[in-house]
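Asks: So here's upload.cif (mmCIF, C-alpha atoms and all ligand atoms).
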```cif
data_structure
loop_
_atom_site.label_atom_id
_atom_site.label_comp_id
_atom_site.auth_asym_id
_atom_site.auth_seq_id
_atom_site.Cartn_x
_atom_site.Cartn_y
_atom_site.Cartn_z
CA ALA A 109 77.77 119.64 93.14
CA MET A 110 75.22 117.38 94.81
CA GLN A 111 72.58 116.12 92.44
CA LYS A 112 69.03 116.96 93.50
CA PRO A 113 66.98 113.85 94.21
CA ARG A 114 64.67 112.90 91.36
CA ILE A 115 60.97 112.69 92.14
CA LEU A 116 58.09 111.29 90.13
CA VAL A 117 54.64 112.79 90.72
CA ALA A 118 52.46 109.98 89.39
CA ARG A 119 49.21 111.89 88.85
CA ALA A 120 48.16 115.46 88.05
CA ILE A 121 47.93 117.37 91.33
CA PHE A 122 47.97 121.01 92.47
CA PRO A 123 50.52 123.04 90.42
CA GLU A 124 51.62 124.88 93.56
CA VAL A 125 52.64 121.58 95.16
CA ILE A 126 54.65 120.59 92.09
CA GLU A 127 56.33 124.03 92.12
CA ARG A 128 57.19 123.56 95.76
CA LEU A 129 58.67 120.12 95.09
CA ALA A 130 60.66 121.61 92.21
CA GLN A 131 62.47 123.89 94.69
CA HIS A 132 63.93 120.78 96.31
CA PHE A 133 63.97 118.12 93.61
CA GLU A 134 64.29 117.37 89.95
CA VAL A 135 60.62 116.65 89.29
CA GLU A 136 58.91 114.66 86.59
CA ALA A 137 55.17 115.17 86.96
CA ASN A 138 52.34 113.51 85.07
CA VAL A 139 50.77 116.95 84.51
CA HIS A 140 48.42 115.74 81.77
CA ASP A 141 47.20 112.92 84.03
CA ASP A 142 48.08 110.31 81.41
CA ILE A 143 46.81 106.84 82.26
CA TRP A 144 49.85 104.65 82.90
CA SER A 145 49.87 100.88 82.93
CA PRO A 146 51.93 99.37 85.75
CA ALA A 147 54.74 98.86 83.21
CA GLU A 148 54.59 102.52 82.13
CA PHE A 149 54.56 103.64 85.76
CA ALA A 150 57.65 101.49 86.36
CA ALA A 151 59.33 103.00 83.29
CA HIS A 152 58.74 106.54 84.58
CA LEU A 153 59.93 105.54 88.07
CA ARG A 154 63.05 103.56 87.15
CA ASP A 155 65.50 106.49 87.47
CA LYS A 156 63.74 108.21 90.41
CA ASP A 157 64.71 108.48 94.09
CA GLY A 158 61.19 109.16 95.32
CA ALA A 159 57.56 109.24 94.25
CA LEU A 160 54.32 110.97 95.14
CA THR A 161 51.44 108.57 94.52
CA THR A 162 47.69 108.75 95.06
CA GLY A 163 46.79 105.34 96.38
CA SER A 164 46.17 103.33 93.25
CA GLU A 165 49.78 102.73 92.17
CA ARG A 166 50.88 99.25 93.30
CA ILE A 167 54.28 99.33 95.03
CA ASP A 168 55.56 95.74 95.15
CA ALA A 169 58.73 93.67 94.88
CA ALA A 170 58.69 93.57 91.06
CA LEU A 171 58.41 97.37 90.89
CA LEU A 172 61.19 97.87 93.45
CA ALA A 173 63.44 95.52 91.48
CA ALA A 174 62.93 97.74 88.43
CA CYS A 175 63.63 100.95 90.42
CA PRO A 176 66.98 100.52 92.19
CA ARG A 177 67.31 104.19 93.23
CA LEU A 178 63.89 104.43 94.86
CA ARG A 179 64.01 105.36 98.57
CA ILE A 180 60.52 106.68 99.40
CA VAL A 181 56.95 106.59 98.16
CA ALA A 182 54.65 109.25 99.63
CA ASN A 183 50.97 108.34 99.27
CA MET A 184 48.54 111.24 99.01
CA ALA A 185 45.98 109.13 100.87
CA VAL A 186 45.47 107.90 104.41
CA GLY A 187 44.99 104.36 103.11
CA TYR A 188 48.08 102.57 101.81
CA ASN A 189 46.88 99.15 100.77
CA ASN A 190 48.62 99.84 97.43
CA PHE A 191 51.88 99.32 99.34
CA ASP A 192 53.33 95.83 99.75
CA LEU A 193 54.91 96.71 103.09
CA ALA A 194 56.93 93.49 103.35
CA ALA A 195 58.48 94.16 99.94
CA MET A 196 59.14 97.81 100.84
CA ASP A 197 60.71 96.84 104.18
CA ALA A 198 62.90 94.24 102.53
CA GLY A 199 63.74 96.59 99.68
CA GLY A 200 64.60 99.48 101.99
CA VAL A 201 61.88 101.77 100.68
CA GLN A 202 60.11 104.16 103.04
CA GLY A 203 56.34 104.49 102.68
CA THR A 204 54.33 107.42 104.02
CA ASN A 205 50.60 108.19 104.06
CA ALA A 206 48.56 111.37 104.62
CA PRO A 207 46.64 110.94 107.87
CA GLY A 208 44.85 113.58 109.92
CA VAL A 209 44.29 116.24 107.29
CA LEU A 210 41.26 114.47 105.76
CA THR A 211 39.63 113.16 108.93
CA GLU A 212 36.73 115.57 109.40
CA THR A 213 36.09 116.03 105.66
CA THR A 214 35.83 112.28 105.18
CA ALA A 215 33.61 111.93 108.25
CA ASP A 216 31.35 114.66 106.80
CA PHE A 217 30.97 112.57 103.68
CA GLY A 218 30.16 109.53 105.77
CA PHE A 219 27.18 111.48 107.04
CA ALA A 220 26.32 112.67 103.52
CA LEU A 221 26.07 109.03 102.45
CA LEU A 222 24.36 107.90 105.64
CA LEU A 223 21.71 110.61 105.42
CA ALA A 224 21.21 110.20 101.67
CA THR A 225 20.90 106.43 102.08
CA ALA A 226 18.64 106.34 105.13
CA ARG A 227 16.40 109.14 103.83
CA ARG A 228 16.42 108.00 100.19
CA VAL A 229 17.63 111.35 98.86
CA THR A 230 18.89 110.16 95.46
CA GLU A 231 15.90 107.86 94.94
CA GLY A 232 13.71 110.90 95.54
CA GLU A 233 15.65 112.98 93.06
CA ARG A 234 15.43 110.29 90.39
CA TYR A 235 11.67 110.02 91.01
CA LEU A 236 11.23 113.78 90.68
CA ARG A 237 13.43 114.09 87.58
CA ALA A 238 11.55 111.23 85.94
CA GLY A 239 8.34 113.26 86.26
CA GLN A 240 6.75 110.71 88.60
CA TRP A 241 5.89 113.20 91.37
CA ARG A 242 2.13 113.77 91.18
CA ARG A 243 0.99 114.23 94.77
CA TRP A 244 1.86 113.87 98.45
CA SER A 245 1.31 110.51 100.05
CA TYR A 246 1.93 109.46 103.63
CA ASP A 247 4.52 106.80 102.81
CA LEU A 248 6.15 108.33 99.74
CA LEU A 249 9.87 107.47 99.92
CA ALA A 250 9.60 106.78 103.63
CA GLY A 251 13.06 106.16 105.03
CA ALA A 252 14.79 105.22 108.25
CA GLU A 253 15.31 107.48 111.26
CA VAL A 254 18.81 108.83 111.72
CA HIS A 255 18.54 110.91 114.91
CA GLY A 256 18.27 108.78 118.00
CA SER A 257 19.11 105.56 116.16
CA THR A 258 21.97 103.15 116.84
CA LEU A 259 25.10 103.83 114.83
CA GLY A 260 27.57 100.96 114.45
CA ILE A 261 31.07 101.88 113.34
CA ILE A 262 33.52 99.21 112.19
CA GLY A 263 37.05 100.65 112.22
CA MET A 264 37.60 103.18 114.99
CA GLY A 265 40.63 105.16 113.84
CA ARG A 266 40.66 108.91 113.38
CA ILE A 267 37.79 108.96 110.87
CA GLY A 268 35.71 106.43 112.81
CA GLN A 269 36.08 108.55 115.93
CA ALA A 270 35.03 111.69 114.05
CA ILE A 271 31.92 109.89 112.80
CA ALA A 272 31.19 108.68 116.34
CA ARG A 273 31.38 112.25 117.69
CA GLY A 274 29.18 113.54 114.85
CA GLY A 275 26.62 110.82 115.48
CA ALA A 276 26.58 111.19 119.25
CA TYR A 277 26.70 114.98 119.53
CA GLY A 278 25.05 115.98 116.24
CA PHE A 279 22.28 113.41 115.88
CA GLY A 280 21.87 112.05 119.40
CA MET A 281 22.75 108.56 118.18
CA ARG A 282 23.72 105.66 120.42
CA VAL A 283 27.17 104.77 119.12
CA ILE A 284 28.67 101.28 119.21
CA TYR A 285 31.92 100.33 117.54
CA HIS A 286 34.09 97.39 116.68
CA ASN A 287 37.82 97.61 116.12
CA ARG A 288 40.89 95.36 116.18
CA SER A 289 41.71 96.85 119.56
CA ARG A 290 39.58 98.60 122.11
CA LEU A 291 40.04 102.37 122.50
CA ALA A 292 41.30 103.89 125.74
CA PRO A 293 38.40 104.58 128.14
CA GLU A 294 38.86 108.36 127.88
CA VAL A 295 38.66 108.20 124.07
CA GLU A 296 35.55 106.02 124.27
CA ALA A 297 34.01 108.53 126.65
CA GLU A 298 34.88 111.49 124.44
CA CYS A 299 33.32 109.73 121.40
CA LYS A 300 30.41 108.44 123.55
CA ALA A 301 31.08 105.08 121.91
CA ASN A 302 30.75 101.59 123.39
CA TYR A 303 32.88 98.67 122.25
CA VAL A 304 31.00 95.56 121.09
CA GLY A 305 31.83 92.39 119.16
CA LYS A 306 31.30 92.42 115.41
CA GLU A 307 28.26 90.10 115.58
CA GLU A 308 26.57 92.20 118.24
CA LEU A 309 27.25 95.36 116.23
CA LEU A 310 25.72 93.87 113.09
CA ARG A 311 22.65 92.57 114.96
CA THR A 312 22.08 95.81 116.90
CA ALA A 313 22.99 98.74 114.63
CA ASP A 314 20.39 100.63 112.59
CA HIS A 315 23.22 102.07 110.48
CA VAL A 316 26.57 100.38 109.94
CA VAL A 317 29.47 102.55 108.76
CA LEU A 318 32.70 100.93 107.54
CA VAL A 319 35.90 102.94 108.08
CA LEU A 320 38.59 100.31 108.50
CA PRO A 321 41.80 99.91 106.50
CA TYR A 322 41.89 97.30 103.76
CA SER A 323 44.19 94.32 104.24
CA PRO A 324 43.96 90.58 103.59
CA GLU A 325 42.51 90.33 107.14
CA SER A 326 39.72 92.85 106.42
CA HIS A 327 38.85 91.42 102.98
CA HIS A 328 35.07 90.86 102.83
CA THR A 329 34.52 92.01 106.42
CA ILE A 330 30.93 92.27 105.18
CA GLY A 331 29.73 89.34 103.08
CA ALA A 332 26.58 87.22 102.93
CA PRO A 333 26.93 85.82 106.50
CA GLU A 334 27.36 89.31 107.98
CA LEU A 335 24.52 90.80 105.91
CA ALA A 336 22.33 87.97 107.22
CA LEU A 337 22.93 89.21 110.77
CA MET A 338 21.82 92.78 110.03
CA LYS A 339 18.35 94.16 110.65
CA PRO A 340 16.15 94.16 107.52
CA THR A 341 15.63 97.89 108.15
CA ALA A 342 19.38 98.59 108.43
CA THR A 343 21.58 100.66 106.14
CA LEU A 344 25.24 99.99 105.33
CA VAL A 345 27.76 102.71 104.41
CA ASN A 346 31.24 101.96 103.02
CA ILE A 347 33.70 104.86 102.91
CA ALA A 348 36.70 102.60 103.59
CA ARG A 349 37.91 100.56 100.61
CA GLY A 350 36.48 98.33 97.98
CA GLY A 351 37.07 94.73 99.02
CA ILE A 352 35.95 95.38 102.61
CA VAL A 353 32.47 94.49 101.30
CA ASP A 354 31.59 91.55 99.07
CA ASP A 355 29.80 93.68 96.47
CA ALA A 356 28.08 90.70 94.79
CA ALA A 357 26.64 89.57 98.14
CA LEU A 358 25.60 93.15 98.94
CA ALA A 359 23.85 93.59 95.58
CA GLU A 360 21.89 90.40 96.28
CA ALA A 361 21.04 91.53 99.83
CA LEU A 362 19.76 94.85 98.45
CA ARG A 363 17.78 93.16 95.68
CA THR A 364 16.06 90.81 98.12
CA ARG A 365 15.72 93.58 100.76
CA ARG A 366 17.73 91.50 103.25
CA ILE A 367 18.89 94.99 104.31
CA ALA A 368 17.10 98.22 103.47
CA ALA A 369 19.75 100.26 101.69
CA ALA A 370 23.45 100.97 101.22
CA GLY A 371 25.65 103.99 100.51
CA LEU A 372 28.93 103.20 98.79
CA ASP A 373 31.87 105.45 97.94
CA VAL A 374 34.31 102.61 97.23
CA PHE A 375 34.02 99.41 95.21
CA GLU A 376 35.78 96.15 94.48
CA GLY A 377 37.65 96.71 91.22
CA GLU A 378 36.72 100.44 91.02
CA PRO A 379 36.18 102.36 88.80
CA GLN A 380 34.23 99.29 87.68
CA VAL A 381 31.06 98.85 89.72
CA HIS A 382 29.34 95.48 90.20
CA PRO A 383 26.41 95.42 87.72
CA GLY A 384 24.07 94.14 90.44
CA LEU A 385 24.60 97.38 92.36
CA LEU A 386 23.69 99.46 89.31
CA GLU A 387 20.40 97.56 88.95
CA VAL A 388 18.93 98.11 92.43
CA PRO A 389 17.25 101.37 93.49
CA ASN A 390 18.13 101.21 97.20
CA VAL A 391 21.79 102.11 96.94
CA VAL A 392 23.55 105.49 96.79
CA LEU A 393 26.70 105.29 94.66
CA THR A 394 29.51 107.87 94.61
CA PRO A 395 32.90 107.76 92.82
CA HIS A 396 35.39 107.64 95.72
CA ILE A 397 34.98 111.29 96.72
CA ALA A 398 34.82 111.17 100.52
CA SER A 399 37.98 113.32 100.87
CA ALA A 400 37.17 115.49 97.86
CA THR A 401 37.20 119.11 98.90
CA LEU A 402 39.97 121.26 97.45
CA PRO A 403 41.26 122.45 100.85
CA THR A 404 41.52 118.84 102.05
CA ARG A 405 43.04 117.51 98.84
CA LEU A 406 45.60 120.36 98.97
CA ALA A 407 46.47 119.51 102.57
CA MET A 408 46.90 115.85 101.58
CA ALA A 409 49.19 116.78 98.68
CA GLN A 410 51.21 119.16 100.88
CA LEU A 411 51.63 116.48 103.54
CA ALA A 412 52.89 114.03 100.90
CA ALA A 413 55.32 116.73 99.69
CA ASP A 414 56.34 117.50 103.30
CA ASN A 415 57.21 113.83 103.75
CA LEU A 416 59.43 113.83 100.65
CA ILE A 417 61.14 117.08 101.63
CA ALA A 418 61.76 116.03 105.25
CA PHE A 419 62.99 112.59 104.20
CA PHE A 420 65.57 113.84 101.69
CA ALA A 421 66.64 116.61 104.10
CA GLY A 422 67.58 113.80 106.51
CA ARG A 423 64.90 114.75 109.02
CA GLY A 424 63.06 111.48 108.54
CA PRO A 425 59.53 111.04 107.23
CA LEU A 426 56.67 112.81 109.05
CA THR A 427 54.00 110.14 108.72
CA PRO A 428 55.79 106.83 108.05
CA VAL A 429 53.86 103.59 107.61
CA ASN A 430 56.88 101.26 107.74
CA GLN A 431 60.39 101.09 109.11
CA PRO A 432 62.48 99.82 106.21
CA ARG A 433 66.03 98.71 106.61
CA PRO A 434 68.37 101.14 104.84
CA ARG A 435 68.63 100.41 101.13
CA SER A 436 72.12 99.63 99.91
CA ASP A 437 73.31 102.30 97.50
CA THR A 438 73.02 101.04 93.96
CA ASN A 439 73.55 104.37 92.21
CA GLY A 440 77.11 103.37 91.31
C1 LIG B 1 42.02 109.42 98.22
C2 LIG B 1 41.48 107.76 100.06
O1 LIG B 1 41.29 110.36 97.51
O2 LIG B 1 42.90 108.77 101.63
C3 LIG B 1 42.46 107.74 101.18
O3 LIG B 1 42.79 106.62 101.64
O4 LIG B 1 40.91 106.78 99.72
C4 LIG B 1 41.17 109.04 99.38
O5 LIG B 1 41.24 110.10 100.30
C5 LIG B 1 42.44 108.35 97.27
O6 LIG B 1 43.15 107.31 97.88
C6 LIG B 1 43.36 108.96 96.21
O7 LIG B 1 44.43 109.62 96.81
#
```
In structure tokens, write the structure found in this file.
Replies:
Amino acid sequence: AMQKPRILVARAIFPEVIERLAQHFEVEANVHDDIWSPAEFAAHLRDKDGALTTGSERIDAALLAACPRLRIVANMAVGYNNFDLAAMDAGGVQGTNAPGVLTETTADFGFALLLATARRVTEGERYLRAGQWRRWSYDLLAGAEVHGSTLGIIGMGRIGQAIARGGAYGFGMRVIYHNRSRLAPEVEAECKANYVGKEELLRTADHVVLVLPYSPESHHTIGAPELALMKPTATLVNIARGGIVDDAALAEALRTRRIAAAGLDVFEGEPQVHPGLLEVPNVVLTPHIASATLPTRLAMAQLAADNLIAFFAGRGPLTPVNQPRPRSDTNG
């Protein structure tokens, strides 16, 4: 009889998704969410044909060399900067991500951070909880306008477009965007968004939202030179990836009020957070939760599972991120 493919589920996820995978595969799941070093991850993966990962497991040439049976890694995330695509292409390993299902939820959270940052929501809560609230005053925790302001979006994929629509239709914002490539005119019109260069965006926007994928090219898209271009009243929101922003430069810009405030869901070296960011009051910090609603996380997990099931059924992956050459069979 044909052996079922062996799948590793690298992190604790929804039991119903693991049960579904178990109907198709021989599954080893990290149900207790043990913390694995890269070497331990490799040890669990070495006899597997496929894996479901969550975006923090590095898939590179050394790992592929240790896992000769591996054919596919399905990321339960839209981002896939944990994949070394050149190594996966060369090694014949399919990568898939989980786009679409988290778009609106993640855009919602972009607004949660933007509103909390511009209107100083968490500063206000800390002030109240510390017993400092004695009386009304005209400028107490005065923030920046959101409605009618200029929203600058860097990275105009699905999530960027959802944020543009929310800003334009929900808050009457003037939306400008920068992206590697310009959107089709009908998409620009639907998002009410105008394409501008990065410098113009940084100089003009009242609120800058980062929603671009992380790659060596997008490393430190926002550093000291870019922060220097921004308005002193501007806010910066990062819901993309740590490493898109130079966190040390941002902490300094917040400390010196070079910009007014920032809202950050992702960090360089997370879950570590740059100590300079923890010291300044004008930053809202959240632990990488922009996609965190249970319906959305379930849809992400199901899409990762769908990719594994379709791939091993010979129907091809649903949401591939590379086109690997076929891997030579080394099962013996
Ligand atoms: C995930 C994310 O929660 O989709 C992404 O790219 O960053 C988040 O939605 C995280 O990657 C873990 O899966």
Asks: Between atom CA of Ala151 of chain A and atom CA of Leu178 of chain A, what distance in Å does the model show, to one decimal?
Replies: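 Computing the Euclidean distance for atom CA of Ala151 of chain A and atom CA of Leu178 of chain A yields 12.5 Å.
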Asks: Determine, counting all atoms listed in the file, which protein, DNA and RNA residues have an atom within 7 Å of an atom of segment 291-308 of chain A; residues of the same chain fewer than 3 positions away are not included. Present the result as a PDB file with C-alpha atoms, keeping the file's coordinate frame.
Replies:
```
ATOM      1  CA  GLN A 269      36.080 108.550 115.930  1.00  0.00           C
ATOM      2  CA  ALA A 272      31.190 108.680 116.340  1.00  0.00           C
ATOM      3  CA  ARG A 273      31.380 112.250 117.690  1.00  0.00           C
ATOM      4  CA  ALA A 276      26.580 111.190 119.250  1.00  0.00           C
ATOM      5  CA  VAL A 283      27.170 104.770 119.120  1.00  0.00           C
ATOM      6  CA  ILE A 284      28.670 101.280 119.210  1.00  0.00           C
ATOM      7  CA  TYR A 285      31.920 100.330 117.540  1.00  0.00           C
ATOM      8  CA  HIS A 286      34.090  97.390 116.680  1.00  0.00           C
ATOM      9  CA  ARG A 311      22.650  92.570 114.960  1.00  0.00           C
ATOM     10  CA  THR A 312      22.080  95.810 116.900  1.00  0.00           C
TER      11      THR A 312
END
```
Asks: If I put a ball of radius 9 Å at (16.4, 106.8, 111.1) in the file's coordinates, which residues poke into it when counting only C-alpha atoms, written as an NGL selection string?
Replies: :A and (223 or 226-227 or 251-258 or 314-315)
Asks: How would the residues just chosen look if you wrote them out with C-alpha atoms as an mmCIF file, in the coordinates of the input?
Replies:
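To be explicit, this is the file written out as selection-v6.cif:
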```cif
data_model
loop_
_atom_site.group_PDB
_atom_site.id
_atom_site.type_symbol
_atom_site.label_atom_id
_atom_site.label_comp_id
_atom_site.auth_asym_id
_atom_site.auth_seq_id
_atom_site.Cartn_x
_atom_site.Cartn_y
_atom_site.Cartn_z
ATOM 1 C CA LEU A 223 21.710 110.610 105.420
ATOM 2 C CA ALA A 226 18.640 106.340 105.130
ATOM 3 C CA ARG A 227 16.400 109.140 103.830
ATOM 4 C CA GLY A 251 13.060 106.160 105.030
ATOM 5 C CA ALA A 252 14.790 105.220 108.250
ATOM 6 C CA GLU A 253 15.310 107.480 111.260
ATOM 7 C CA VAL A 254 18.810 108.830 111.720
ATOM 8 C CA HIS A 255 18.540 110.910 114.910
ATOM 9 C CA GLY A 256 18.270 108.780 118.000
ATOM 10 C CA SER A 257 19.110 105.560 116.160
ATOM 11 C CA THR A 258 21.970 103.150 116.840
ATOM 12 C CA ASP A 314 20.390 100.630 112.590
ATOM 13 C CA HIS A 315 23.220 102.070 110.480
#
```
Asks: Please return as a VMD selection string the residues found within 6 Å of ligand LIG 1 (chain B), counting all atoms listed in the file.
Replies: chain A and resid 162 to 163 184 to 187 399
Asks: Using all atoms listed in the file, collect all residues at a distance of at most 12 Å from (21.1, 104.1, 92.5) as written in the file, then present them as a PyMOL selection string.
Replies: chain A and resi 224-225+228-235+359+362-363+369-372+381+383-394
Asks: Take the residues from that selection and write them out as an mmCIF file, keeping the file's coordinate frame, keeping C-alpha atoms.
Replies:
```
data_model
loop_
_atom_site.group_PDB
_atom_site.id
_atom_site.type_symbol
_atom_site.label_atom_id
_atom_site.label_comp_id
_atom_site.auth_asym_id
_atom_site.auth_seq_id
_atom_site.Cartn_x
_atom_site.Cartn_y
_atom_site.Cartn_z
ATOM 1 C CA ALA A 224 21.210 110.200 101.670
ATOM 2 C CA THR A 225 20.900 106.430 102.080
ATOM 3 C CA ARG A 228 16.420 108.000 100.190
ATOM 4 C CA VAL A 229 17.630 111.350 98.860
ATOM 5 C CA THR A 230 18.890 110.160 95.460
ATOM 6 C CA GLU A 231 15.900 107.860 94.940
ATOM 7 C CA GLY A 232 13.710 110.900 95.540
ATOM 8 C CA GLU A 233 15.650 112.980 93.060
ATOM 9 C CA ARG A 234 15.430 110.290 90.390
ATOM 10 C CA TYR A 235 11.670 110.020 91.010
ATOM 11 C CA ALA A 359 23.850 93.590 95.580
ATOM 12 C CA LEU A 362 19.760 94.850 98.450
ATOM 13 C CA ARG A 363 17.780 93.160 95.680
ATOM 14 C CA ALA A 369 19.750 100.260 101.690
ATOM 15 C CA ALA A 370 23.450 100.970 101.220
ATOM 16 C CA GLY A 371 25.650 103.990 100.510
ATOM 17 C CA LEU A 372 28.930 103.200 98.790
ATOM 18 C CA VAL A 381 31.060 98.850 89.720
ATOM 19 C CA PRO A 383 26.410 95.420 87.720
ATOM 20 C CA GLY A 384 24.070 94.140 90.440
ATOM 21 C CA LEU A 385 24.600 97.380 92.360
ATOM 22 C CA LEU A 386 23.690 99.460 89.310
ATOM 23 C CA GLU A 387 20.400 97.560 88.950
ATOM 24 C CA VAL A 388 18.930 98.110 92.430
ATOM 25 C CA PRO A 389 17.250 101.370 93.490
ATOM 26 C CA ASN A 390 18.130 101.210 97.200
ATOM 27 C CA VAL A 391 21.790 102.110 96.940
ATOM 28 C CA VAL A 392 23.550 105.490 96.790
ATOM 29 C CA LEU A 393 26.700 105.290 94.660
ATOM 30 C CA THR A 394 29.510 107.870 94.610
#
```
Asks: What is the atom CA of Ala368 of chain A-atom CA of His396 of chain A distance in Å, reported with one decimal?
Replies: 22.0 Å
Asks: Here is a test: counting all atoms listed in the file, which residue of A:Thr204, A:Asn346, A:Thr329, A:Gln240 is nearest to Gly268 of chain A?
Replies: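 Of A:Thr204, A:Asn346, A:Thr329, A:Gln240, the one nearest Gly268 of chain A, counting all atoms listed in the file, is A:Asn346.
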Asks: Give me the residues within 12 Å of Leu210 of chain A as number ranges by chain, counting all atoms listed in the file and dropping any in the same chain fewer than 3 places off.
Replies: A: 184-187, 205-207, 213-217, 266-267, 270, 397-409, 411
